[in-house]
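**Q** Hey, dropping run-v4.pdb in here, PDB, C-alpha atoms and all ligand atoms:
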MODEL        1
ATOM      1  CA  MET A 198     -31.711  22.892  10.107  1.00  0.00           C
ATOM      2  CA  PRO A 199     -27.883  23.052  10.045  1.00  0.00           C
ATOM      3  CA  THR A 200     -26.129  22.578   6.706  1.00  0.00           C
ATOM      4  CA  PRO A 201     -26.063  18.802   6.116  1.00  0.00           C
ATOM      5  CA  ILE A 202     -23.105  16.508   5.804  1.00  0.00           C
ATOM      6  CA  PHE A 203     -23.480  14.782   2.439  1.00  0.00           C
ATOM      7  CA  VAL A 204     -22.979  11.013   2.758  1.00  0.00           C
ATOM      8  CA  LEU A 205     -22.629   9.758  -0.795  1.00  0.00           C
ATOM      9  CA  ASN A 206     -22.552   6.123  -1.837  1.00  0.00           C
ATOM     10  CA  GLY A 207     -21.461   4.803  -5.192  1.00  0.00           C
ATOM     11  CA  PRO A 208     -22.205   1.788  -7.353  1.00  0.00           C
ATOM     12  CA  ASN A 209     -23.542  -1.495  -6.000  1.00  0.00           C
ATOM     13  CA  LEU A 210     -23.941  -0.180  -2.471  1.00  0.00           C
ATOM     14  CA  ASN A 211     -27.714  -0.347  -3.025  1.00  0.00           C
ATOM     15  CA  LEU A 212     -27.177  -4.134  -2.860  1.00  0.00           C
ATOM     16  CA  LEU A 213     -25.812  -4.140   0.691  1.00  0.00           C
ATOM     17  CA  GLY A 214     -27.231  -7.036   2.674  1.00  0.00           C
ATOM     18  CA  VAL A 215     -27.360  -9.357  -0.333  1.00  0.00           C
ATOM     19  CA  ARG A 216     -24.082  -8.493  -2.033  1.00  0.00           C
ATOM     20  CA  GLU A 217     -21.110 -10.649  -0.920  1.00  0.00           C
ATOM     21  CA  PRO A 218     -22.188 -10.593   2.759  1.00  0.00           C
ATOM     22  CA  SER A 219     -18.932 -12.244   3.823  1.00  0.00           C
ATOM     23  CA  ILE A 220     -17.189  -9.039   2.728  1.00  0.00           C
ATOM     24  CA  TYR A 221     -19.813  -6.332   3.193  1.00  0.00           C
ATOM     25  CA  GLY A 222     -21.974  -7.726   6.023  1.00  0.00           C
ATOM     26  CA  ALA A 223     -25.686  -8.330   6.439  1.00  0.00           C
ATOM     27  CA  GLU A 224     -26.940  -4.787   6.969  1.00  0.00           C
ATOM     28  CA  THR A 225     -28.828  -3.112   4.150  1.00  0.00           C
ATOM     29  CA  LEU A 226     -28.087   0.398   2.940  1.00  0.00           C
ATOM     30  CA  GLU A 227     -31.279   1.494   4.715  1.00  0.00           C
ATOM     31  CA  ASP A 228     -29.874   0.083   8.007  1.00  0.00           C
ATOM     32  CA  VAL A 229     -26.600   1.907   7.378  1.00  0.00           C
ATOM     33  CA  LYS A 230     -28.485   5.116   6.641  1.00  0.00           C
ATOM     34  CA  ARG A 231     -30.386   4.835   9.939  1.00  0.00           C
ATOM     35  CA  ARG A 232     -27.248   4.375  12.042  1.00  0.00           C
ATOM     36  CA  THR A 233     -25.499   7.205  10.169  1.00  0.00           C
ATOM     37  CA  GLN A 234     -28.393   9.581  10.794  1.00  0.00           C
ATOM     38  CA  ALA A 235     -28.640   8.575  14.453  1.00  0.00           C
ATOM     39  CA  ARG A 236     -24.938   9.259  15.055  1.00  0.00           C
ATOM     40  CA  ALA A 237     -25.145  12.599  13.233  1.00  0.00           C
ATOM     41  CA  GLU A 238     -28.207  13.701  15.208  1.00  0.00           C
ATOM     42  CA  ALA A 239     -26.517  12.777  18.499  1.00  0.00           C
ATOM     43  CA  LEU A 240     -23.668  15.096  17.506  1.00  0.00           C
ATOM     44  CA  GLY A 241     -25.953  17.941  16.423  1.00  0.00           C
ATOM     45  CA  HIS A 242     -25.585  17.379  12.688  1.00  0.00           C
ATOM     46  CA  ASN A 243     -27.887  16.178   9.994  1.00  0.00           C
ATOM     47  CA  VAL A 244     -27.029  14.130   6.936  1.00  0.00           C
ATOM     48  CA  ASP A 245     -28.178  13.989   3.359  1.00  0.00           C
ATOM     49  CA  PHE A 246     -27.649  10.301   2.539  1.00  0.00           C
ATOM     50  CA  ARG A 247     -27.676   9.249  -1.122  1.00  0.00           C
ATOM     51  CA  GLN A 248     -26.648   6.377  -3.379  1.00  0.00           C
ATOM     52  CA  SER A 249     -26.130   6.210  -7.130  1.00  0.00           C
ATOM     53  CA  ASN A 250     -24.788   3.667  -9.580  1.00  0.00           C
ATOM     54  CA  VAL A 251     -24.008   6.476 -12.034  1.00  0.00           C
ATOM     55  CA  GLU A 252     -20.610   8.187 -11.958  1.00  0.00           C
ATOM     56  CA  GLY A 253     -21.931  11.463 -13.406  1.00  0.00           C
ATOM     57  CA  GLU A 254     -24.678  11.657 -10.817  1.00  0.00           C
ATOM     58  CA  LEU A 255     -22.090  11.366  -8.051  1.00  0.00           C
ATOM     59  CA  VAL A 256     -20.080  14.148  -9.737  1.00  0.00           C
ATOM     60  CA  THR A 257     -23.228  16.323  -9.861  1.00  0.00           C
ATOM     61  CA  TRP A 258     -23.938  15.691  -6.165  1.00  0.00           C
ATOM     62  CA  ILE A 259     -20.332  16.564  -5.235  1.00  0.00           C
ATOM     63  CA  GLN A 260     -20.731  19.813  -7.199  1.00  0.00           C
ATOM     64  CA  GLU A 261     -23.965  20.469  -5.306  1.00  0.00           C
ATOM     65  CA  ALA A 262     -22.081  19.966  -2.031  1.00  0.00           C
ATOM     66  CA  ARG A 263     -20.013  23.072  -2.737  1.00  0.00           C
ATOM     67  CA  ASP A 264     -23.031  25.250  -1.853  1.00  0.00           C
ATOM     68  CA  LYS A 265     -25.261  22.892   0.111  1.00  0.00           C
ATOM     69  CA  ALA A 266     -23.077  20.698   2.333  1.00  0.00           C
ATOM     70  CA  SER A 267     -20.812  21.270   5.318  1.00  0.00           C
ATOM     71  CA  GLY A 268     -18.663  18.281   4.346  1.00  0.00           C
ATOM     72  CA  ILE A 269     -18.635  15.125   2.242  1.00  0.00           C
ATOM     73  CA  VAL A 270     -18.356  11.521   3.414  1.00  0.00           C
ATOM     74  CA  LEU A 271     -17.835   9.440   0.297  1.00  0.00           C
ATOM     75  CA  ASN A 272     -17.938   5.709  -0.267  1.00  0.00           C
ATOM     76  CA  ALA A 273     -17.383   5.850  -4.013  1.00  0.00           C
ATOM     77  CA  GLY A 274     -17.383   2.042  -4.355  1.00  0.00           C
ATOM     78  CA  ALA A 275     -15.403   0.894  -7.380  1.00  0.00           C
ATOM     79  CA  TYR A 276     -15.241   4.462  -8.745  1.00  0.00           C
ATOM     80  CA  THR A 277     -12.717   5.066  -5.955  1.00  0.00           C
ATOM     81  CA  HIS A 278     -10.220   3.125  -8.013  1.00  0.00           C
ATOM     82  CA  THR A 279     -11.066   4.546 -11.436  1.00  0.00           C
ATOM     83  CA  SER A 280     -12.598   8.020 -11.375  1.00  0.00           C
ATOM     84  CA  ILE A 281     -10.527  11.112 -12.112  1.00  0.00           C
ATOM     85  CA  ALA A 282     -13.864  12.932 -12.621  1.00  0.00           C
ATOM     86  CA  ILE A 283     -14.773  12.313  -8.969  1.00  0.00           C
ATOM     87  CA  LEU A 284     -11.321  13.496  -7.833  1.00  0.00           C
ATOM     88  CA  ASP A 285     -11.714  16.697  -9.873  1.00  0.00           C
ATOM     89  CA  ALA A 286     -15.192  17.312  -8.439  1.00  0.00           C
ATOM     90  CA  LEU A 287     -13.940  16.800  -4.871  1.00  0.00           C
ATOM     91  CA  ASN A 288     -11.086  19.239  -5.399  1.00  0.00           C
ATOM     92  CA  ALA A 289     -13.523  21.802  -6.826  1.00  0.00           C
ATOM     93  CA  ALA A 290     -15.961  21.386  -3.911  1.00  0.00           C
ATOM     94  CA  GLU A 291     -13.547  22.910  -1.366  1.00  0.00           C
ATOM     95  CA  LYS A 292     -15.179  21.017   1.513  1.00  0.00           C
ATOM     96  CA  PRO A 293     -13.748  18.584   4.045  1.00  0.00           C
ATOM     97  CA  VAL A 294     -13.864  15.080   2.570  1.00  0.00           C
ATOM     98  CA  ILE A 295     -13.648  11.696   4.287  1.00  0.00           C
ATOM     99  CA  GLU A 296     -13.107   8.624   2.132  1.00  0.00           C
ATOM    100  CA  LEU A 297     -14.976   5.612   3.440  1.00  0.00           C
ATOM    101  CA  HIS A 298     -15.084   1.885   2.697  1.00  0.00           C
ATOM    102  CA  LEU A 299     -16.876  -0.928   4.473  1.00  0.00           C
ATOM    103  CA  SER A 300     -14.153  -3.437   3.694  1.00  0.00           C
ATOM    104  CA  ASN A 301     -10.427  -3.150   4.314  1.00  0.00           C
ATOM    105  CA  VAL A 302      -9.460  -2.493   0.719  1.00  0.00           C
ATOM    106  CA  PHE A 303      -5.783  -3.049   1.554  1.00  0.00           C
ATOM    107  CA  ARG A 304      -6.418  -6.713   2.414  1.00  0.00           C
ATOM    108  CA  ARG A 305      -8.064  -7.254  -0.950  1.00  0.00           C
ATOM    109  CA  GLU A 306      -7.027  -7.286  -4.617  1.00  0.00           C
ATOM    110  CA  SER A 307      -4.181  -4.921  -5.524  1.00  0.00           C
ATOM    111  CA  PHE A 308      -6.434  -2.916  -7.887  1.00  0.00           C
ATOM    112  CA  ARG A 309      -8.302  -1.752  -4.777  1.00  0.00           C
ATOM    113  CA  HIS A 310      -5.121  -0.364  -3.197  1.00  0.00           C
ATOM    114  CA  HIS A 311      -5.116   2.743  -5.351  1.00  0.00           C
ATOM    115  CA  SER A 312      -7.627   5.501  -4.642  1.00  0.00           C
ATOM    116  CA  TYR A 313      -8.385   8.577  -6.737  1.00  0.00           C
ATOM    117  CA  VAL A 314     -10.441   9.915  -3.803  1.00  0.00           C
ATOM    118  CA  ALA A 315      -7.638   9.837  -1.210  1.00  0.00           C
ATOM    119  CA  PRO A 316      -5.664  12.863  -2.500  1.00  0.00           C
ATOM    120  CA  ALA A 317      -8.771  15.020  -1.935  1.00  0.00           C
ATOM    121  CA  ALA A 318      -9.603  13.541   1.479  1.00  0.00           C
ATOM    122  CA  GLN A 319      -8.659  14.669   4.980  1.00  0.00           C
ATOM    123  CA  GLY A 320      -8.714  11.026   6.033  1.00  0.00           C
ATOM    124  CA  VAL A 321      -9.710   7.509   5.085  1.00  0.00           C
ATOM    125  CA  ILE A 322     -11.782   5.018   7.102  1.00  0.00           C
ATOM    126  CA  CYS A 323     -11.933   1.430   5.907  1.00  0.00           C
ATOM    127  CA  GLY A 324     -12.422  -2.070   7.231  1.00  0.00           C
ATOM    128  CA  PHE A 325     -14.944  -1.451  10.020  1.00  0.00           C
ATOM    129  CA  GLY A 326     -18.109  -2.374   8.125  1.00  0.00           C
ATOM    130  CA  PRO A 327     -21.222  -0.243   8.770  1.00  0.00           C
ATOM    131  CA  LYS A 328     -19.623   1.106  11.964  1.00  0.00           C
ATOM    132  CA  GLY A 329     -17.294   3.019   9.643  1.00  0.00           C
ATOM    133  CA  TYR A 330     -20.172   5.310   8.714  1.00  0.00           C
ATOM    134  CA  GLU A 331     -20.553   6.330  12.358  1.00  0.00           C
ATOM    135  CA  LEU A 332     -16.780   6.785  12.687  1.00  0.00           C
ATOM    136  CA  ALA A 333     -16.791   8.962   9.571  1.00  0.00           C
ATOM    137  CA  ILE A 334     -19.563  11.142  11.012  1.00  0.00           C
ATOM    138  CA  GLU A 335     -17.615  11.529  14.265  1.00  0.00           C
ATOM    139  CA  ALA A 336     -14.463  12.465  12.351  1.00  0.00           C
ATOM    140  CA  MET A 337     -16.383  14.904  10.165  1.00  0.00           C
ATOM    141  CA  ALA A 338     -18.051  16.510  13.193  1.00  0.00           C
ATOM    142  CA  ASP A 339     -14.556  17.061  14.668  1.00  0.00           C
ATOM    143  CA  LEU A 340     -13.245  18.539  11.436  1.00  0.00           C
ATOM    144  CA  LEU A 341     -16.212  20.917  11.236  1.00  0.00           C
ATOM    145  CA  THR A 342     -15.814  22.003  14.871  1.00  0.00           C
ATOM    146  CA  ARG A 343     -12.131  22.733  14.302  1.00  0.00           C
ATOM    147  CA  LYS A 344     -12.950  24.589  11.079  1.00  0.00           C
ATOM    148  CA  SER A 345     -15.519  26.825  12.788  1.00  0.00           C
ATOM    149  CA  ALA A 346     -13.074  27.548  15.644  1.00  0.00           C
ATOM    150  CA  ARG A 347     -10.489  28.909  13.193  1.00  0.00           C
TER
HETATM  151  C1  LIG B   1     -16.038  -0.560  -1.210  1.00  0.00           C
HETATM  152  C2  LIG B   1     -14.695  -1.129  -1.663  1.00  0.00           C
HETATM  153  C3  LIG B   1     -14.547  -1.014  -3.171  1.00  0.00           C
HETATM  154  O1  LIG B   1     -13.307  -1.555  -3.585  1.00  0.00           O
HETATM  155  C4  LIG B   1     -15.664  -1.779  -3.867  1.00  0.00           C
HETATM  156  O2  LIG B   1     -15.562  -1.624  -5.265  1.00  0.00           O
HETATM  157  C5  LIG B   1     -17.007  -1.387  -3.372  1.00  0.00           C
HETATM  158  C6  LIG B   1     -17.199  -1.169  -1.946  1.00  0.00           C
HETATM  159  C7  LIG B   1     -16.271  -0.794   0.293  1.00  0.00           C
HETATM  160  O3  LIG B   1     -17.135  -0.116   0.854  1.00  0.00           O
HETATM  161  O4  LIG B   1     -15.619  -1.649   0.898  1.00  0.00           O
HETATM  162  O5  LIG B   1     -17.961  -1.333  -4.136  1.00  0.00           O
HETATM  163  O6  LIG B   1     -16.023   0.836  -1.433  1.00  0.00           O
ENDMDL
END
As structure tokens, what does this structure read like?
Ligand code: DQA

**A**
Amino acid sequence: MPTPIFVLNGPNLNLLGVREPSIYGAETLEDVKRRTQARAEALGHNVDFRQSNVEGELVTWIQEARDKASGIVLNAGAYTHTSIAILDALNAAEKPVIELHLSNVFRRESFRHHSYVAPAAQGVICGFGPKGYELAIEAMADLLTRKSAR
């Protein structure tokens, strides 16, 4: 098995499908996981897909990624806008990072316009709903191909 891409999901994303569907859509996190895995497999990658409501657990998983992941796709949920601990962990991981959001955070409340994840990320994908997970996998696969060609 190739080294997995970690796809990490933060707080409240376990409620996808029932949580504010007008913003986040009708798909559950399990649906999103399936489409993420399918896209990764089609591109010759595999994913380790996880969700936690606990900031420290996300930090621990990002630390784990340093040795066990090829890259990190992170939808940190609300921790995006608050967590210096997640930023520090991402910087320490020394892996390609893609920041991901289902919703277009820039069309929403101003407190969602600031991201602590963005300074550690190669790029940001937001506003495309569950499709964004597939786009993030495609972007990560490109980054990893370019990295291995260097
Ligand atoms: C989110 C956007 C965040 O602002 C919010 O706190 C979330 C989900 C998104 O995927 O659109 O929990 O990350």

**Q** Would you list the residues that come within 9 Å of ligand LIG 1 (chain B)? Count all atoms listed in the file and give the answer as an MDAnalysis selection string.

**A** chainID A and resid 206:210 220:221 271:278 297:302 305:306 308:310 323:324 326:327

**Q** Tell me which of A:Leu205, A:Val314, A:Leu213, A:Leu341 sits closest to Val251 of chain A, counting only C-alpha atoms.

**A**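 Of A:Leu205, A:Val314, A:Leu213, A:Leu341, the one nearest Val251 of chain A, counting only C-alpha atoms, is A:Leu205.
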
**Q** Quick one, how far is atom CA of Asn250 of chain A from atom CA of Leu332 of chain A?

**A**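 We find that atom CA of Asn250 of chain A and atom CA of Leu332 of chain A lie 23.9 Å from each other.
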
**Q** Provide an axis-aligned box for all listed atoms of segment 300-315 of chain A, padding each side by 6 Å; report its centre and its edge lengths in Å to one decimal, as AutoDock Vina command-line options.

**A**
--center_x -9.2 --center_y 1.3 --center_z -1.8 --size_x 22.0 --size_y 29.2 --size_z 24.2

**Q** Please evaluate the PyMOL selection byres (((chain A and resi 225-230) around 10) and not hetatm) against the displayed coordinates and give the resulting residues as a PDB file with C-alpha atoms, in the frame of the given file.

**A**
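Output contents, as saved in out19.pdb:
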ATOM      1  CA  VAL A 204     -22.979  11.013   2.758  1.00  0.00           C
ATOM      2  CA  ASN A 206     -22.552   6.123  -1.837  1.00  0.00           C
ATOM      3  CA  LEU A 210     -23.941  -0.180  -2.471  1.00  0.00           C
ATOM      4  CA  ASN A 211     -27.714  -0.347  -3.025  1.00  0.00           C
ATOM      5  CA  LEU A 212     -27.177  -4.134  -2.860  1.00  0.00           C
ATOM      6  CA  LEU A 213     -25.812  -4.140   0.691  1.00  0.00           C
ATOM      7  CA  GLY A 214     -27.231  -7.036   2.674  1.00  0.00           C
ATOM      8  CA  VAL A 215     -27.360  -9.357  -0.333  1.00  0.00           C
ATOM      9  CA  ARG A 216     -24.082  -8.493  -2.033  1.00  0.00           C
ATOM     10  CA  TYR A 221     -19.813  -6.332   3.193  1.00  0.00           C
ATOM     11  CA  GLY A 222     -21.974  -7.726   6.023  1.00  0.00           C
ATOM     12  CA  ALA A 223     -25.686  -8.330   6.439  1.00  0.00           C
ATOM     13  CA  GLU A 224     -26.940  -4.787   6.969  1.00  0.00           C
ATOM     14  CA  ARG A 231     -30.386   4.835   9.939  1.00  0.00           C
ATOM     15  CA  ARG A 232     -27.248   4.375  12.042  1.00  0.00           C
ATOM     16  CA  THR A 233     -25.499   7.205  10.169  1.00  0.00           C
ATOM     17  CA  GLN A 234     -28.393   9.581  10.794  1.00  0.00           C
ATOM     18  CA  ALA A 235     -28.640   8.575  14.453  1.00  0.00           C
ATOM     19  CA  VAL A 244     -27.029  14.130   6.936  1.00  0.00           C
ATOM     20  CA  ASP A 245     -28.178  13.989   3.359  1.00  0.00           C
ATOM     21  CA  PHE A 246     -27.649  10.301   2.539  1.00  0.00           C
ATOM     22  CA  ARG A 247     -27.676   9.249  -1.122  1.00  0.00           C
ATOM     23  CA  GLN A 248     -26.648   6.377  -3.379  1.00  0.00           C
ATOM     24  CA  GLY A 326     -18.109  -2.374   8.125  1.00  0.00           C
ATOM     25  CA  PRO A 327     -21.222  -0.243   8.770  1.00  0.00           C
ATOM     26  CA  LYS A 328     -19.623   1.106  11.964  1.00  0.00           C
ATOM     27  CA  GLY A 329     -17.294   3.019   9.643  1.00  0.00           C
ATOM     28  CA  TYR A 330     -20.172   5.310   8.714  1.00  0.00           C
ATOM     29  CA  GLU A 331     -20.553   6.330  12.358  1.00  0.00           C
TER      30      GLU A 331
END

**Q** Once the PyMOL selection byres (((chain A and resi 291) around 12) and not hetatm) has been evaluated on this model, what residues remain selected, and can you format them as an mmCIF file with C-alpha atoms, in the frame of the given file?

**A**
data_model
loop_
_atom_site.group_PDB
_atom_site.id
_atom_site.type_symbol
_atom_site.label_atom_id
_atom_site.label_comp_id
_atom_site.auth_asym_id
_atom_site.auth_seq_id
_atom_site.Cartn_x
_atom_site.Cartn_y
_atom_site.Cartn_z
ATOM 1 C CA ILE A 259 -20.332 16.564 -5.235
ATOM 2 C CA GLN A 260 -20.731 19.813 -7.199
ATOM 3 C CA GLU A 261 -23.965 20.469 -5.306
ATOM 4 C CA ALA A 262 -22.081 19.966 -2.031
ATOM 5 C CA ARG A 263 -20.013 23.072 -2.737
ATOM 6 C CA ASP A 264 -23.031 25.250 -1.853
ATOM 7 C CA LYS A 265 -25.261 22.892 0.111
ATOM 8 C CA ALA A 266 -23.077 20.698 2.333
ATOM 9 C CA SER A 267 -20.812 21.270 5.318
ATOM 10 C CA GLY A 268 -18.663 18.281 4.346
ATOM 11 C CA ILE A 269 -18.635 15.125 2.242
ATOM 12 C CA LEU A 284 -11.321 13.496 -7.833
ATOM 13 C CA ASP A 285 -11.714 16.697 -9.873
ATOM 14 C CA ALA A 286 -15.192 17.312 -8.439
ATOM 15 C CA LEU A 287 -13.940 16.800 -4.871
ATOM 16 C CA ASN A 288 -11.086 19.239 -5.399
ATOM 17 C CA ALA A 289 -13.523 21.802 -6.826
ATOM 18 C CA ALA A 290 -15.961 21.386 -3.911
ATOM 19 C CA LYS A 292 -15.179 21.017 1.513
ATOM 20 C CA PRO A 293 -13.748 18.584 4.045
ATOM 21 C CA VAL A 294 -13.864 15.080 2.570
ATOM 22 C CA ALA A 317 -8.771 15.020 -1.935
ATOM 23 C CA ALA A 318 -9.603 13.541 1.479
ATOM 24 C CA GLN A 319 -8.659 14.669 4.980
#

**Q** In terms of the shortest atom-to-atom distance over all atoms listed in the file, which of A:Phe203, A:Phe325, A:Phe303, A:Tyr313 is closest to Asn243 of chain A?

**A**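 Ranked by minimum distance to Asn243 of chain A, first place goes to A:Phe203.
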